[in-house]
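Undergrad: Data: start03.txt, compact mmCIF, C-alpha atoms.
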# COMPACT_ATOMS: atom_id res chain seq x y z
CA MET S 1 2.94 10.32 -30.65
CA VAL S 2 3.40 8.55 -27.32
CA LEU S 3 7.11 8.20 -28.03
CA VAL S 4 7.37 11.95 -28.58
CA ILE S 5 5.63 12.60 -25.24
CA VAL S 6 8.06 10.20 -23.53
CA ILE S 7 11.13 11.88 -25.06
CA ILE S 8 9.89 15.38 -24.17
CA SER S 9 9.19 14.18 -20.60
CA TYR S 10 12.75 12.88 -20.31
CA ILE S 11 14.16 16.19 -21.56
CA PHE S 12 12.24 17.90 -18.74
CA ILE S 13 13.40 15.32 -16.20
CA ILE S 14 17.03 15.75 -17.23
CA GLY S 15 16.72 19.54 -17.16
CA PHE S 16 14.86 19.95 -13.89
CA ASP S 17 15.88 16.90 -11.87
CA TYR S 18 19.07 15.30 -13.18
CA ILE S 19 21.25 18.36 -13.84
CA PRO S 20 20.62 19.87 -10.34
CA LEU S 21 21.63 16.50 -8.88
CA ILE S 22 24.88 16.49 -10.89
CA LYS S 23 25.56 20.04 -9.70
CA SER S 24 25.17 18.93 -6.08
CA GLN S 25 28.35 16.84 -6.69
CA ASN S 26 27.11 13.84 -4.80
CA LYS S 27 28.87 11.11 -6.75
CA LYS S 28 27.09 8.07 -5.28
CA GLU S 29 23.60 9.50 -5.74
CA THR S 30 24.41 10.66 -9.29
CA ILE S 31 25.63 7.20 -10.33
CA ILE S 32 22.54 5.44 -8.92
CA TYR S 33 20.20 8.05 -10.39
CA SER S 34 21.88 7.83 -13.81
CA THR S 35 21.58 4.03 -13.82
CA LEU S 36 17.92 4.08 -12.80
CA LEU S 37 17.07 6.85 -15.26
CA ALA S 38 18.80 5.10 -18.17
CA LEU S 39 17.10 1.81 -17.27
CA SER S 40 13.69 3.48 -17.01
CA PHE S 41 14.18 5.29 -20.34
CA VAL S 42 15.25 2.16 -22.26
CA THR S 43 12.45 -0.02 -20.84
CA LEU S 44 9.78 2.67 -21.30
CA VAL S 45 10.79 3.28 -24.92
CA LEU S 46 10.77 -0.47 -25.59
CA VAL S 47 7.28 -0.76 -24.09
CA VAL S 48 6.01 2.24 -26.06
CA ILE S 49 7.32 0.96 -29.42
CA GLY S 50 5.63 -2.36 -28.75
CA VAL S 51 8.50 -4.67 -27.76
CA LYS S 52 7.19 -7.44 -25.57
CA LEU S 53 9.20 -7.54 -22.35
CA PRO S 54 9.02 -10.63 -20.11
CA SER S 55 6.52 -10.25 -17.28
CA PRO S 56 7.73 -11.14 -13.77
CA THR S 57 4.14 -11.94 -12.80
CA LYS S 58 4.11 -14.91 -15.16
CA LEU S 59 7.25 -16.29 -13.50
CA ILE S 60 5.67 -15.79 -10.06
CA GLU S 61 2.50 -17.55 -11.24
CA TYR S 62 4.49 -20.44 -12.69
CA LEU S 63 6.58 -20.86 -9.53
CA LEU S 64 3.62 -20.66 -7.15
CA LYS S 65 1.50 -23.03 -9.19
CA SER S 66 4.31 -25.61 -9.34
CA ILE S 67 4.79 -25.29 -5.56
CA ILE S 68 1.05 -25.76 -4.96
CA LYS S 69 0.99 -28.85 -7.24
CA THR S 70 3.90 -30.49 -5.40
CA MET T 1 8.90 22.71 9.45
CA ASN T 2 9.31 18.96 9.35
CA THR T 3 7.08 17.73 6.52
CA GLU T 4 7.64 14.09 7.44
CA ILE T 5 6.03 13.96 10.89
CA ILE T 6 2.26 13.60 10.91
CA SER T 7 -0.48 13.19 13.50
CA LYS T 8 -2.46 10.05 14.25
CA LYS T 9 -5.51 11.43 12.44
CA LEU T 10 -3.65 12.02 9.17
CA MET T 11 -2.01 8.60 9.38
CA ILE T 12 -5.40 6.93 9.95
CA ALA T 13 -6.86 8.82 6.97
CA THR T 14 -3.92 7.73 4.79
CA MET T 15 -4.35 4.12 5.90
CA THR T 16 -8.10 4.20 5.26
CA CYS T 17 -7.48 5.54 1.73
CA PHE T 18 -4.85 2.85 1.24
CA VAL T 19 -7.25 0.09 2.35
CA LEU T 20 -10.01 1.42 0.10
CA GLY T 21 -7.57 2.11 -2.77
CA SER T 22 -8.40 -0.25 -5.59
CA SER T 23 -10.87 -2.31 -3.50
CA ILE T 24 -13.59 0.35 -3.57
CA VAL T 25 -13.83 -0.02 -7.37
CA SER T 26 -14.78 -3.67 -7.00
CA GLY T 27 -16.50 -3.24 -3.61
CA GLY T 28 -14.26 -5.89 -2.07
CA SER T 29 -14.19 -9.50 -3.21
CA THR T 30 -17.12 -10.61 -5.35
CA VAL T 31 -16.38 -14.35 -5.21
CA LEU T 32 -19.21 -15.09 -2.75
CA ILE T 33 -21.61 -12.77 -4.62
CA GLN T 34 -24.51 -12.03 -2.23
CA ASP T 35 -22.39 -13.14 0.77
CA SER T 36 -19.34 -11.10 -0.23
CA TRP T 37 -20.08 -8.52 2.47
CA VAL T 38 -19.39 -11.27 5.04
CA SER T 39 -15.78 -11.62 3.86
CA VAL T 40 -15.32 -7.84 4.14
CA ILE T 41 -15.91 -8.29 7.90
CA THR T 42 -14.20 -11.66 8.42
CA GLY T 43 -11.17 -10.53 6.38
CA ALA T 44 -10.81 -7.49 8.66
CA LEU T 45 -11.14 -9.69 11.76
CA LEU T 46 -8.46 -12.03 10.38
CA ALA T 47 -6.21 -9.05 9.74
CA ILE T 48 -6.42 -7.64 13.28
CA PRO T 49 -3.85 -10.00 14.91
CA MET T 50 -1.45 -9.32 12.04
CA VAL T 51 -1.79 -5.54 12.17
CA LEU T 52 -1.21 -5.73 15.93
CA VAL T 53 2.13 -7.36 15.09
CA TYR T 54 2.88 -4.49 12.68
CA ALA T 55 1.93 -1.99 15.39
CA ARG T 56 4.14 -3.76 17.94
CA ILE T 57 7.12 -3.44 15.59
CA VAL T 58 6.41 0.29 15.32
CA LYS T 59 6.10 0.51 19.11
CA LEU T 60 9.47 -1.20 19.60
CA TYR T 61 11.20 1.04 17.03
CA PRO T 62 9.21 4.31 16.99
CA LYS T 63 11.93 6.39 15.34
CA LYS T 64 12.90 3.91 12.66
CA ASP T 65 11.25 2.68 9.48
CA ILE T 66 11.23 -1.05 8.68
CA TYR T 67 14.32 -0.76 6.45
CA GLU T 68 16.38 0.64 9.34
CA VAL T 69 14.95 -2.10 11.58
CA PHE T 70 16.06 -4.75 9.05
CA LEU T 71 19.61 -3.40 9.09
CA GLU T 72 19.70 -3.21 12.87
CA LEU T 73 18.34 -6.70 13.47
CA PHE T 74 19.90 -8.69 10.65
CA GLY T 75 23.12 -6.81 9.87
CA LYS T 76 24.29 -5.34 6.60
CA ILE T 77 23.90 -8.42 4.39
CA GLY T 78 20.83 -10.07 5.97
CA GLY T 79 19.15 -6.69 6.36
CA ARG T 80 19.73 -5.84 2.71
CA ILE T 81 18.19 -9.15 1.58
CA PHE T 82 15.01 -8.20 3.50
CA ILE T 83 15.19 -4.65 2.05
CA VAL T 84 15.34 -6.04 -1.50
CA MET T 85 12.32 -8.30 -0.82
CA PHE T 86 10.24 -5.55 0.73
CA THR T 87 11.19 -3.02 -1.97
CA TRP T 88 10.19 -5.53 -4.63
CA TYR T 89 6.81 -6.05 -2.95
CA ALA T 90 6.16 -2.28 -2.76
CA TRP T 91 7.23 -1.76 -6.36
CA HIS T 92 5.22 -4.72 -7.67
CA LEU T 93 2.11 -3.79 -5.67
CA GLY T 94 2.33 -0.23 -6.94
CA ALA T 95 2.53 -1.53 -10.52
CA LEU T 96 -0.47 -3.83 -9.94
CA VAL T 97 -2.61 -0.99 -8.57
CA LEU T 98 -1.47 1.31 -11.37
CA ARG T 99 -2.48 -1.30 -13.96
CA ASP T 100 -5.75 -1.87 -12.13
CA PHE T 101 -6.65 1.80 -12.46
CA SER T 102 -5.49 2.17 -16.07
CA GLU T 103 -7.61 -0.88 -16.99
CA TYR T 104 -10.51 0.63 -15.06
CA ILE T 105 -10.21 3.96 -16.88
CA GLN T 106 -9.71 2.35 -20.27
CA SER T 107 -12.60 -0.07 -19.97
CA THR T 108 -15.03 2.55 -18.66
CA VAL T 109 -14.40 5.93 -20.29
CA LYS T 110 -11.07 6.37 -22.12
CA GLN T 111 -11.15 3.44 -24.54
CA ASP T 112 -8.78 4.99 -27.10
CA THR T 113 -6.23 6.52 -24.73
CA PRO T 114 -3.03 4.42 -24.48
CA GLN T 115 -2.61 2.89 -21.03
CA VAL T 116 0.92 4.23 -20.69
CA ILE T 117 -0.40 7.81 -20.89
CA VAL T 118 -3.03 7.09 -18.24
CA MET T 119 -0.38 5.55 -15.98
CA LEU T 120 2.07 8.42 -16.50
CA SER T 121 -0.68 10.94 -15.66
CA ILE T 122 -1.45 9.13 -12.40
CA ILE T 123 2.19 8.66 -11.43
CA VAL T 124 3.00 12.37 -11.90
CA VAL T 125 0.64 13.18 -9.01
CA ALA T 126 2.12 10.36 -6.92
CA VAL T 127 5.66 11.68 -7.55
CA TYR T 128 4.58 15.17 -6.47
CA LEU T 129 3.03 13.81 -3.27
CA VAL T 130 6.06 11.66 -2.40
CA ARG T 131 8.39 14.61 -2.91
CA SER T 132 6.16 16.88 -0.82
CA GLY T 133 6.42 14.60 2.19
CA MET T 134 4.16 12.57 4.46
CA ARG T 135 2.26 15.61 5.73
CA THR T 136 1.03 16.46 2.23
CA ILE T 137 0.09 12.81 1.63
CA GLY T 138 -1.87 12.85 4.89
CA ARG T 139 -3.71 16.06 3.96
CA TRP T 140 -4.46 14.71 0.48
CA SER T 141 -5.86 11.55 2.08
CA ILE T 142 -8.11 13.38 4.52
CA ILE T 143 -9.65 15.51 1.73
CA VAL T 144 -10.12 12.50 -0.55
CA LEU T 145 -11.62 10.51 2.31
CA VAL T 146 -14.22 13.18 3.07
CA VAL T 147 -15.18 13.33 -0.62
CA ILE T 148 -15.40 9.53 -0.83
CA LEU T 149 -17.58 9.39 2.29
CA LEU T 150 -19.93 11.94 0.74
CA VAL T 151 -19.99 9.96 -2.53
CA VAL T 152 -20.73 6.66 -0.78
CA ILE T 153 -23.48 8.17 1.40
CA THR T 154 -25.04 10.05 -1.56
CA THR T 155 -25.01 6.99 -3.83
CA ILE T 156 -26.60 4.86 -1.11
CA ILE T 157 -29.37 7.45 -0.54
CA LEU T 158 -29.96 7.97 -4.27
CA GLY T 159 -29.87 4.24 -4.91
CA VAL T 160 -32.59 3.38 -2.39
CA ASN T 161 -35.33 3.47 -5.05
CA ASN T 162 -33.35 1.38 -7.55
CA GLY T 163 -32.25 -1.36 -5.17
CA ARG T 164 -33.86 -4.62 -4.15
CA ILE T 165 -33.07 -5.87 -0.65
CA GLU T 166 -34.01 -9.41 -1.79
CA ASN T 167 -30.76 -9.48 -3.77
CA LEU T 168 -28.99 -10.18 -0.48
CA TYR T 169 -30.83 -13.50 -0.05
CA PRO T 170 -30.22 -16.38 0.46
CA LEU T 171 -27.92 -15.39 3.29
CA PHE T 172 -24.87 -17.55 4.13
CA ASN T 173 -25.47 -19.75 1.11
CA HIS T 174 -21.85 -20.93 0.81
CA LYS T 175 -19.66 -23.61 2.37
CA PRO T 176 -17.53 -22.66 5.42
CA LEU T 177 -14.36 -23.33 3.40
CA GLU T 178 -15.48 -20.87 0.73
CA PHE T 179 -16.10 -18.23 3.41
CA LEU T 180 -12.66 -18.90 4.86
CA SER T 181 -10.82 -18.69 1.53
CA ASP T 182 -12.63 -15.47 0.60
CA ALA T 183 -11.87 -14.00 4.02
CA PHE T 184 -8.20 -14.83 3.41
CA LEU T 185 -8.41 -13.13 0.02
CA MET T 186 -9.75 -9.99 1.71
CA PHE T 187 -7.10 -10.35 4.44
CA SER T 188 -4.28 -10.21 1.90
CA PHE T 189 -5.98 -7.73 -0.43
CA PRO T 190 -6.33 -5.05 0.94
CA TYR T 191 -6.07 -5.29 4.75
CA ALA T 192 -2.63 -6.88 5.26
CA GLU T 193 -1.17 -4.72 2.50
CA THR T 194 -0.99 -2.10 5.27
CA VAL T 195 2.32 -3.82 6.07
CA LEU T 196 3.77 -1.14 3.75
CA PHE T 197 2.96 1.44 6.44
CA LEU T 198 5.93 0.01 8.34
CA THR T 199 8.08 1.89 5.81
CA VAL T 200 6.57 5.23 6.88
CA SER T 201 6.00 4.41 10.54
CA ASN T 202 8.76 6.81 11.66
CA SER T 203 6.57 9.64 10.34
CA LEU T 204 4.07 9.13 13.16
CA LYS T 205 4.31 11.62 16.04
CA LYS T 206 6.32 10.22 18.95
CA ASP T 207 3.51 10.00 21.53
CA GLU T 208 0.83 8.58 19.23
CA SER T 209 -0.20 4.94 19.59
CA PRO T 210 0.55 2.81 16.49
CA TYR T 211 -2.02 0.24 17.67
CA ARG T 212 -4.81 2.80 17.33
CA VAL T 213 -3.56 3.89 13.91
CA PHE T 214 -3.59 0.37 12.51
CA ILE T 215 -6.87 -0.71 14.14
CA TYR T 216 -8.77 2.46 13.25
CA GLY T 217 -7.33 2.49 9.72
CA ILE T 218 -8.51 -1.08 9.11
CA ALA T 219 -11.85 -0.51 10.88
CA PHE T 220 -12.75 2.65 8.92
CA GLY T 221 -11.66 1.08 5.65
CA ALA T 222 -13.65 -2.10 6.35
CA THR T 223 -16.77 -0.13 7.35
CA ILE T 224 -16.79 1.91 4.12
CA LEU T 225 -16.08 -1.23 2.07
CA LEU T 226 -18.95 -3.01 3.80
CA PHE T 227 -21.42 -0.31 2.80
CA VAL T 228 -20.05 -0.22 -0.76
CA SER T 229 -20.30 -4.00 -1.04
CA LEU T 230 -23.89 -4.04 0.28
CA ARG T 231 -24.87 -1.16 -2.04
CA ASN T 232 -23.44 -2.98 -5.07
CA ILE T 233 -25.29 -6.23 -4.32
CA VAL T 234 -28.59 -4.51 -3.54
CA LEU T 235 -28.41 -2.31 -6.64
CA LEU T 236 -27.00 -4.76 -9.17
CA GLY T 237 -28.24 -8.15 -8.13
CA GLN T 238 -26.24 -11.36 -7.99
CA GLU T 239 -25.71 -11.97 -11.72
CA MET T 240 -24.47 -8.45 -12.45
CA VAL T 241 -22.08 -8.50 -9.48
CA ARG T 242 -20.74 -11.87 -10.63
CA SER T 243 -20.16 -10.80 -14.23
CA SER T 244 -18.92 -7.25 -13.69
CA LEU T 245 -15.22 -6.44 -13.26
CA PHE T 246 -15.91 -3.05 -11.68
CA PRO T 247 -19.28 -3.40 -9.89
CA SER T 248 -19.07 0.00 -8.15
CA PHE T 249 -18.92 1.79 -11.49
CA VAL T 250 -21.85 -0.19 -12.90
CA ALA T 251 -23.86 0.36 -9.69
CA ILE T 252 -23.35 4.12 -9.78
CA ARG T 253 -24.29 4.19 -13.47
CA ILE T 254 -27.86 3.22 -12.70
CA ILE T 255 -28.23 5.77 -9.92
CA GLY T 256 -30.04 9.02 -10.66
CA LEU T 257 -32.45 11.55 -9.23
CA GLY T 258 -35.26 11.50 -11.76
CA LYS T 259 -34.25 13.35 -14.91
CA PHE T 260 -32.57 16.09 -12.92
CA LEU T 261 -29.42 14.28 -11.81
CA THR T 262 -28.23 11.46 -14.07
CA LYS T 263 -24.96 9.96 -15.28
CA ILE T 264 -23.04 10.85 -12.14
CA GLU T 265 -20.51 8.06 -12.76
CA GLY T 266 -18.03 10.50 -14.34
CA ILE T 267 -17.63 12.55 -11.13
CA VAL T 268 -17.59 9.43 -8.99
CA MET T 269 -14.95 7.78 -11.17
CA ILE T 270 -12.56 10.71 -10.71
CA ASN T 271 -12.92 10.35 -6.95
CA PHE T 272 -12.03 6.67 -7.15
CA ILE T 273 -8.89 7.60 -9.07
CA LEU T 274 -7.94 10.14 -6.37
CA LEU T 275 -8.27 7.31 -3.84
CA GLY T 276 -6.10 5.08 -6.02
CA ILE T 277 -3.44 7.79 -6.17
CA ALA T 278 -3.21 7.68 -2.35
CA LYS T 279 -2.44 3.95 -2.52
CA ILE T 280 0.04 4.28 -5.39
CA THR T 281 1.77 7.12 -3.51
CA ILE T 282 2.39 4.95 -0.45
CA THR T 283 3.74 2.07 -2.57
CA LEU T 284 5.98 4.50 -4.49
CA LEU T 285 7.19 6.02 -1.24
CA ALA T 286 7.95 2.55 0.16
CA ALA T 287 9.81 1.48 -2.99
CA THR T 288 11.82 4.72 -3.15
CA LYS T 289 12.77 4.52 0.52
CA GLY T 290 13.77 0.89 -0.02
CA VAL T 291 16.14 1.74 -2.89
CA ALA T 292 17.66 4.59 -0.85
CA SER T 293 18.14 2.32 2.19
CA LEU T 294 19.72 -0.36 -0.01
CA PHE T 295 22.45 2.06 -1.07
CA ASN T 296 22.59 3.81 2.29
CA ILE T 297 21.40 7.18 0.97
CA ARG T 298 19.61 9.60 3.27
CA ASN T 299 17.69 11.71 0.78
CA TYR T 300 15.37 9.14 -0.77
CA LYS T 301 13.29 11.78 -2.59
CA ASP T 302 15.95 12.19 -5.29
CA PHE T 303 15.11 8.76 -6.75
CA THR T 304 11.35 9.21 -6.91
CA ILE T 305 11.12 9.95 -10.65
CA PRO T 306 13.14 7.02 -12.09
CA ILE T 307 11.49 4.56 -9.69
CA ALA T 308 8.06 5.94 -10.58
CA ILE T 309 8.75 5.43 -14.29
CA LEU T 310 10.03 1.92 -13.63
CA MET T 311 6.76 1.30 -11.77
CA VAL T 312 4.86 2.41 -14.88
CA VAL T 313 6.97 0.06 -17.05
CA LEU T 314 6.27 -2.84 -14.69
CA GLY T 315 2.59 -1.89 -14.71
CA MET T 316 2.61 -2.09 -18.50
CA ILE T 317 4.25 -5.54 -18.69
CA VAL T 318 2.75 -7.10 -15.60
CA TYR T 319 -0.26 -8.57 -17.47
CA ASP T 320 -1.13 -9.15 -21.10
CA ASN T 321 -4.79 -8.33 -20.57
CA ILE T 322 -7.47 -7.84 -17.95
CA ILE T 323 -8.18 -11.61 -17.74
CA ASN T 324 -4.60 -12.22 -16.53
CA LEU T 325 -5.24 -9.58 -13.87
CA VAL T 326 -8.21 -11.55 -12.54
CA ASP T 327 -6.20 -14.81 -12.72
CA PHE T 328 -3.34 -13.35 -10.70
CA LEU T 329 -5.74 -12.22 -7.97
CA ILE T 330 -6.47 -15.91 -7.27
CA ILE T 331 -2.88 -16.70 -6.33
CA TYR T 332 -2.09 -13.25 -4.90
CA PRO T 333 -2.86 -14.26 -1.27
CA ILE T 334 -0.24 -17.04 -1.47
CA TYR T 335 2.29 -14.76 -3.18
CA ALA T 336 1.79 -12.12 -0.47
CA ILE T 337 2.31 -14.49 2.52
CA PRO T 338 6.10 -13.91 2.84
CA PHE T 339 5.71 -10.12 2.74
CA GLN T 340 2.56 -9.76 4.82
CA ILE T 341 3.00 -12.56 7.36
CA VAL T 342 6.44 -14.24 7.39
CA ILE T 343 8.78 -11.21 7.28
CA PRO T 344 6.81 -9.14 9.87
CA LEU T 345 6.63 -12.17 12.21
CA VAL T 346 10.38 -12.81 11.92
CA VAL T 347 11.11 -9.10 12.53
CA TRP T 348 8.74 -9.03 15.51
CA ILE T 349 10.30 -12.13 17.16
CA PHE T 350 13.87 -10.86 16.69
CA ALA T 351 12.87 -7.38 17.87
CA GLU T 352 11.20 -8.75 21.01
CA ILE T 353 14.27 -10.89 21.84
CA LYS T 354 16.57 -7.91 21.38
CA PHE T 355 14.26 -5.63 23.35
CA ARG T 356 14.14 -8.05 26.29
CA LYS T 357 17.90 -8.55 26.27
CA THR T 358 18.45 -4.79 26.39
CA LYS T 359 15.88 -4.49 29.18
CA ILE T 360 17.65 -7.17 31.27
CA LYS T 361 21.00 -5.44 30.65
CA LYS T 362 19.56 -2.09 31.72
CA LYS T 363 18.04 -3.70 34.83
CA GLY T 364 21.45 -5.21 35.67
CA VAL T 365 23.20 -1.85 35.28
CA ASN T 366 20.53 -0.14 37.43
CA ALA T 367 20.88 -2.83 40.13
CA VAL T 368 24.66 -2.31 40.22
CA LEU T 369 24.17 1.46 40.42
CA ILE T 370 21.66 1.15 43.27
CA LYS T 371 23.94 -1.30 45.09
CA ASN T 372 26.95 1.03 44.69
CA SER T 373 24.98 4.02 45.93
CA LYS T 374 23.82 2.04 49.00
CA VAL T 375 27.43 1.05 49.77
CA TYR T 376 28.44 4.69 49.32
CA TYR T 377 25.76 5.92 51.75
CA LYS T 378 26.73 3.24 54.26
CA VAL T 379 30.41 4.29 54.08
CA VAL T 380 29.43 7.94 54.39
CA SER T 381 27.18 7.28 57.40
CA ASP T 382 29.83 5.09 59.02
CA LEU T 383 32.37 7.85 58.66
CA LYS T 384 29.71 10.25 60.05
CA ILE T 385 30.57 12.85 57.42
How does this structure look as structure tokens?

TA:
Amino acid sequence: MVLVIVIISYIFIIGFDYIPLIKSQNKKETIIYSTLLALSFVTLVLVVIGVKLPSPTKLIEYLLKSIIKT
Amino acid sequence: MNTEIISKKLMIATMTCFVLGSSIVSGGSTVLIQDSWVSVITGALLAIPMVLVYARIVKLYPKKDIYEVFLELFGKIGGRIFIVMFTWYAWHLGALVLRDFSEYIQSTVKQDTPQVIVMLSIIVVAVYLVRSGMRTIGRWSIIVLVVILLVVITTIILGVNNGRIENLYPLFNHKPLEFLSDAFLMFSFPYAETVLFLTVSNSLKKDESPYRVFIYGIAFGATILLFVSLRNIVLLGQEMVRSSLFPSFVAIRIIGLGKFLTKIEGIVMINFILLGIAKITITLLAATKGVASLFNIRNYKDFTIPIAILMVVLGMIVYDNIINLVDFLIIYPIYAIPFQIVIPLVVWIFAEIKFRKTKIKKKGVNAVLIKNSKVYYKVVSDLKI
């Protein structure tokens, strides 16, 4: 169910936000937007289907704790 | 109409909402239990020198946000390194607050709703506000602030009969070092987080004083937090405050006006979420502006949606559970030092040096001009023209 909501949301985003940007013919903005949108879609779908992505907070915790110990 | 320029009042309201943000749910730090209200004050006092540094940066560069200042002071490469760091901080903080609120909603009322749906619902409002501009954010903040003030005052009045003033005793029953570390915790979360306002500082009207904005924003936020913290301790008692993750919610739960007005926590909870949206909006705005500055793009609003979704993703993976959230809060003050203290201090020092150099240069040029004009008048008078 959540996955369906996510996919429908992306259809809306592409229709109302992405296509107008492509039409504006600003190449640089379109490339950055496409990259960010693709990245957000892939990561969000992975999170929704239950794939465990590495948390940056754990890395921060590990680094800070090792600094404090030394 | 420029939707990006706002008055001092709206900026103060936005900052107050930002300070209260997620802190109002917990009523500030609860480490010192009955003495936790002390760290609400000492944390704010600790934060004042730092926010004066932030304000000075704004004063030196009134028409520029911090990303433009980075590029001007440290060049294209150095400036971009700082931009990446600051954007990361905004993005990460936004994700932390988002997770905070989704945990809050899930553990209090919406136990079966997936957190990702809660987060997406919150971020939609934040995206709308960012795209509408700073003026809309300011107006949102002022309305939310008035409602929150009414809620805090009402809950204090209604809670008078349920509270026990003895819960505040024994006063100052902790070691000085404990007071200091808790004050530092309050300094970094939430007061010094106002460093993110440097990313929207160019939205402040030209003649307004940034010092007043920062000081009043912190002062109003601290005052409301102080009352919330005192209310929670008086109503709940020391053990409940110690064991509860969201003391404000538990405190409001026991408030009622006889049998006529009970279970008001639902209405109050929605108001807390509105306050949280104000904080998430500022972090989203800061992160979006950062990405746009990194790639030298003027219209930052185009990237709001993908960055907002990435913030939700980070919010989802940032902790495994609510216990990790509490654990991370312990080391958060150390993690935040580079963003809240080191970077602003470096920027301030470099900005002051540059400002003075330009001033000396200007003085030199003026002196030469005055000297030349004097010589000219002397020549003219000698020639008796």

Undergrad: Once you count only C-alpha atoms, what closest atom pair and distance in Å to one decimal does each residue of chain T within 6 Å of chain S have, with rows by chain and rising residue number, as JSON lines?

TA:
{"residue": "T:Pro306", "atom": "CA", "partner": "S:Leu37", "partner_atom": "CA", "distance": 5.1}
{"residue": "T:Ile309", "atom": "CA", "partner": "S:Ser40", "partner_atom": "CA", "distance": 6.0}
{"residue": "T:Leu310", "atom": "CA", "partner": "S:Ser40", "partner_atom": "CA", "distance": 5.2}
{"residue": "T:Val313", "atom": "CA", "partner": "S:Leu44", "partner_atom": "CA", "distance": 5.7}
{"residue": "T:Ile317", "atom": "CA", "partner": "S:Ser55", "partner_atom": "CA", "distance": 5.4}
{"residue": "T:Val318", "atom": "CA", "partner": "S:Ser55", "partner_atom": "CA", "distance": 5.2}

Undergrad: To one decimal place in Å, what is the distance between CA of Leu120 in chain T and CA of Phe86 in chain T?

TA: 23.6 Å

Undergrad: Show which residues sit within 9 Å of range 30-38 of chain T, as JSON, numbers by chain. Count only C-alpha atoms, and ignore same-chain residues fewer than 4 positions away.

TA: {"T": [26, 42, 43, 167, 168, 169, 170, 171, 172, 173, 174, 178, 179, 182, 183, 225, 226, 227, 228, 229, 230, 233, 234, 237, 238, 239, 241, 242, 247]}

Undergrad: Could you write out the selected residues, including C-alpha atoms, as an mmCIF file, in the frame of the given file?

TA:
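Generated output (again.cif):
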data_model
loop_
_atom_site.group_PDB
_atom_site.id
_atom_site.type_symbol
_atom_site.label_atom_id
_atom_site.label_comp_id
_atom_site.auth_asym_id
_atom_site.auth_seq_id
_atom_site.Cartn_x
_atom_site.Cartn_y
_atom_site.Cartn_z
ATOM 1 C CA SER T 26 -14.780 -3.670 -7.000
ATOM 2 C CA THR T 42 -14.200 -11.660 8.420
ATOM 3 C CA GLY T 43 -11.170 -10.530 6.380
ATOM 4 C CA ASN T 167 -30.760 -9.480 -3.770
ATOM 5 C CA LEU T 168 -28.990 -10.180 -0.480
ATOM 6 C CA TYR T 169 -30.830 -13.500 -0.050
ATOM 7 C CA PRO T 170 -30.220 -16.380 0.460
ATOM 8 C CA LEU T 171 -27.920 -15.390 3.290
ATOM 9 C CA PHE T 172 -24.870 -17.550 4.130
ATOM 10 C CA ASN T 173 -25.470 -19.750 1.110
ATOM 11 C CA HIS T 174 -21.850 -20.930 0.810
ATOM 12 C CA GLU T 178 -15.480 -20.870 0.730
ATOM 13 C CA PHE T 179 -16.100 -18.230 3.410
ATOM 14 C CA ASP T 182 -12.630 -15.470 0.600
ATOM 15 C CA ALA T 183 -11.870 -14.000 4.020
ATOM 16 C CA LEU T 225 -16.080 -1.230 2.070
ATOM 17 C CA LEU T 226 -18.950 -3.010 3.800
ATOM 18 C CA PHE T 227 -21.420 -0.310 2.800
ATOM 19 C CA VAL T 228 -20.050 -0.220 -0.760
ATOM 20 C CA SER T 229 -20.300 -4.000 -1.040
ATOM 21 C CA LEU T 230 -23.890 -4.040 0.280
ATOM 22 C CA ILE T 233 -25.290 -6.230 -4.320
ATOM 23 C CA VAL T 234 -28.590 -4.510 -3.540
ATOM 24 C CA GLY T 237 -28.240 -8.150 -8.130
ATOM 25 C CA GLN T 238 -26.240 -11.360 -7.990
ATOM 26 C CA GLU T 239 -25.710 -11.970 -11.720
ATOM 27 C CA VAL T 241 -22.080 -8.500 -9.480
ATOM 28 C CA ARG T 242 -20.740 -11.870 -10.630
ATOM 29 C CA PRO T 247 -19.280 -3.400 -9.890
#

Undergrad: For CA of Tyr191 in chain T and CA of Ile48 in chain T, quote the distance in Å rounded to one decimal.

TA: 8.9 Å

Undergrad: Taking (-10.5, -13.1, -14.3) as a centre in this file's frame and 12 Å as the limit, can you find every polymer residue with an atom that close, using only C-alpha atoms, and give them as a ChimeraX atom specification?

TA: /T:30-31,242-246,319,321-331

Undergrad: Excluding Ile254 in chain T and any residue of its chain fewer than 3 positions from it, enumerate the residues within 10 Å of it, using all atoms listed in the file, and give them as JSON, numbers by chain.

TA: {"T": [158, 159, 162, 163, 235, 236, 249, 250, 251, 262, 263, 264, 265]}

Undergrad: Can I get the selected residues back with C-alpha atoms, as an mmCIF file, in the frame of the given file?

TA:
data_model
loop_
_atom_site.group_PDB
_atom_site.id
_atom_site.type_symbol
_atom_site.label_atom_id
_atom_site.label_comp_id
_atom_site.auth_asym_id
_atom_site.auth_seq_id
_atom_site.Cartn_x
_atom_site.Cartn_y
_atom_site.Cartn_z
ATOM 1 C CA LEU T 158 -29.960 7.970 -4.270
ATOM 2 C CA GLY T 159 -29.870 4.240 -4.910
ATOM 3 C CA ASN T 162 -33.350 1.380 -7.550
ATOM 4 C CA GLY T 163 -32.250 -1.360 -5.170
ATOM 5 C CA LEU T 235 -28.410 -2.310 -6.640
ATOM 6 C CA LEU T 236 -27.000 -4.760 -9.170
ATOM 7 C CA PHE T 249 -18.920 1.790 -11.490
ATOM 8 C CA VAL T 250 -21.850 -0.190 -12.900
ATOM 9 C CA ALA T 251 -23.860 0.360 -9.690
ATOM 10 C CA THR T 262 -28.230 11.460 -14.070
ATOM 11 C CA LYS T 263 -24.960 9.960 -15.280
ATOM 12 C CA ILE T 264 -23.040 10.850 -12.140
ATOM 13 C CA GLU T 265 -20.510 8.060 -12.760
#
